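K.L.:
Once you've had a glance at the structure underneath, I'll fire off some questions.
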Amino acid sequence: MSDASPVDIYDLKGLNCPLPVLKTRKRLAGMKPGDLLRVETTDPLAGLDIPAFCNDSGHQLVETVKSESGHTFLIRRK
C-alpha cells in the first residue's frame, strides 16, 4: 500500500495570463492541506507566474517540468 497522496490534474492548456494563476488559486482553495495538484499550462508566462504565486501564497512547488508545449507544475497545498 502506497502512502503517496493522489494527484489531482488540472488542465489549463490554452489559457493565457492571468487565468492559469487565478484558476490554480481557486482550485487549491477547495483542496485540503497537503493535497497535490498537477497543473498543465501552455502559457509561456506561467513559468514565472506559477512559481511566484506558490512562493507568495506559501504553497510548495514540488516540481516544474518545461516541455516544448508549455509547463507542468506539481504543487502541494499549504
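Within each chain, counting starts at residue 1; across the C-alpha cells, chains are named A, B, ... in the order shown, with ligands numbered 1 upward in that order.
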Skipping near chain neighbours, those fewer than 6 positions away, what residues fall within 10 Å of range 15-28 of chain A using only C-alpha atoms, listed as an NGL selection string?
P.N.:
:A and (8 or 35-46 or 49-54 or 57 or 59 or 75-78)
K.L.:
So which bits of chain A end up strand (DSSP E) when you DSSP the backbone, as a ChimeraX atom specification?
P.N.:
/A:7-12,36-41,60-66,71-76
K.L.:
Limited to N, CA and C atoms, could you put the picked residues into a file as a short mmCIF file (atom, residue, chain, number, x, y, z; two decimals), in the first residue's frame?
P.N.:
data_model
loop_
_atom_site.label_atom_id
_atom_site.label_comp_id
_atom_site.auth_asym_id
_atom_site.auth_seq_id
_atom_site.Cartn_x
_atom_site.Cartn_y
_atom_site.Cartn_z
N VAL A 7 -2.81 12.56 -6.88
CA VAL A 7 -2.54 13.84 -7.54
C VAL A 7 -3.74 14.22 -8.40
N ASP A 8 -4.26 15.41 -8.17
CA ASP A 8 -5.34 15.97 -8.96
C ASP A 8 -4.71 16.67 -10.16
N ILE A 9 -5.15 16.38 -11.38
CA ILE A 9 -4.59 17.00 -12.58
C ILE A 9 -5.53 18.10 -13.07
N TYR A 10 -4.97 19.27 -13.30
CA TYR A 10 -5.74 20.43 -13.73
C TYR A 10 -5.19 20.92 -15.06
N ASP A 11 -5.96 20.72 -16.12
CA ASP A 11 -5.55 21.07 -17.48
C ASP A 11 -5.93 22.51 -17.77
N LEU A 12 -4.94 23.38 -17.83
CA LEU A 12 -5.16 24.80 -18.13
C LEU A 12 -4.52 25.18 -19.46
N LEU A 36 -2.06 17.29 -3.41
CA LEU A 36 -1.21 17.61 -4.56
C LEU A 36 -2.06 17.98 -5.77
N LEU A 37 -1.60 18.98 -6.51
CA LEU A 37 -2.27 19.41 -7.73
C LEU A 37 -1.21 19.49 -8.83
N ARG A 38 -1.47 18.81 -9.94
CA ARG A 38 -0.60 18.91 -11.11
C ARG A 38 -1.30 19.85 -12.10
N VAL A 39 -0.64 20.95 -12.41
CA VAL A 39 -1.18 21.98 -13.30
C VAL A 39 -0.43 21.90 -14.62
N GLU A 40 -1.18 21.79 -15.72
CA GLU A 40 -0.60 21.73 -17.06
C GLU A 40 -0.98 23.01 -17.79
N THR A 41 0.02 23.73 -18.32
CA THR A 41 -0.21 25.00 -18.99
C THR A 41 0.53 25.08 -20.32
N GLN A 60 3.77 24.69 -1.66
CA GLN A 60 5.07 24.11 -2.03
C GLN A 60 5.07 23.73 -3.51
N LEU A 61 5.98 24.31 -4.26
CA LEU A 61 6.17 23.92 -5.66
C LEU A 61 7.12 22.73 -5.65
N VAL A 62 6.55 21.54 -5.80
CA VAL A 62 7.31 20.29 -5.68
C VAL A 62 8.14 20.04 -6.93
N GLU A 63 7.57 20.36 -8.09
CA GLU A 63 8.24 20.03 -9.36
C GLU A 63 7.77 20.98 -10.45
N THR A 64 8.70 21.35 -11.33
CA THR A 64 8.39 22.11 -12.54
C THR A 64 9.03 21.39 -13.71
N VAL A 65 8.24 21.11 -14.74
CA VAL A 65 8.76 20.46 -15.93
C VAL A 65 8.41 21.35 -17.13
N LYS A 66 9.44 21.76 -17.88
CA LYS A 66 9.22 22.56 -19.09
C LYS A 66 9.28 21.62 -20.29
N HIS A 71 4.39 24.07 -19.69
CA HIS A 71 4.92 23.70 -18.37
C HIS A 71 3.94 22.79 -17.65
N THR A 72 4.50 21.97 -16.77
CA THR A 72 3.71 21.19 -15.84
C THR A 72 4.28 21.46 -14.45
N PHE A 73 3.39 21.77 -13.52
CA PHE A 73 3.79 22.09 -12.15
C PHE A 73 3.12 21.12 -11.20
N LEU A 74 3.86 20.66 -10.21
CA LEU A 74 3.29 19.84 -9.16
C LEU A 74 3.33 20.69 -7.88
N ILE A 75 2.15 20.96 -7.34
CA ILE A 75 2.01 21.88 -6.20
C ILE A 75 1.38 21.14 -5.04
N ARG A 76 1.97 21.31 -3.84
CA ARG A 76 1.37 20.77 -2.62
C ARG A 76 0.71 21.93 -1.88
#
K.L.:
Could you find all residues in chain A that DSSP calls helix (DSSP H, G or I) from the backbone, and write them as JSON, numbers by chain?
P.N.:
{"A": [19, 20, 21, 22, 23, 24, 25, 26, 27, 28, 29, 46, 47, 48, 49, 50, 51, 52, 53, 54, 55, 56, 57]}
K.L.:
Include C-alpha atoms and write out the residues we just selected as a CSV table (one decimal), in the first residue's frame.
P.N.:
chain,number,residue,atom,x,y,z
A,19,LEU,CA,-6.0,32.8,-16.0
A,20,PRO,CA,-3.6,30.0,-15.1
A,21,VAL,CA,-2.7,31.6,-11.7
A,22,LEU,CA,-6.3,32.7,-10.9
A,23,LYS,CA,-7.7,29.2,-11.7
A,24,THR,CA,-4.9,27.5,-9.8
A,25,ARG,CA,-5.5,29.7,-6.8
A,26,LYS,CA,-9.3,28.9,-6.8
A,27,ARG,CA,-8.7,25.1,-7.3
A,28,LEU,CA,-6.2,25.0,-4.4
A,29,ALA,CA,-8.6,26.9,-2.1
A,46,ALA,CA,3.2,30.5,-16.4
A,47,GLY,CA,6.8,29.5,-16.0
A,48,LEU,CA,7.3,32.7,-14.0
A,49,ASP,CA,3.8,33.3,-12.6
A,50,ILE,CA,3.0,29.9,-11.0
A,51,PRO,CA,6.3,29.7,-9.0
A,52,ALA,CA,5.8,33.3,-7.9
A,53,PHE,CA,2.2,32.5,-6.8
A,54,CYS,CA,3.4,29.5,-4.8
A,55,ASN,CA,6.1,31.5,-3.2
A,56,ASP,CA,3.7,34.3,-2.3
A,57,SER,CA,0.9,32.1,-1.0
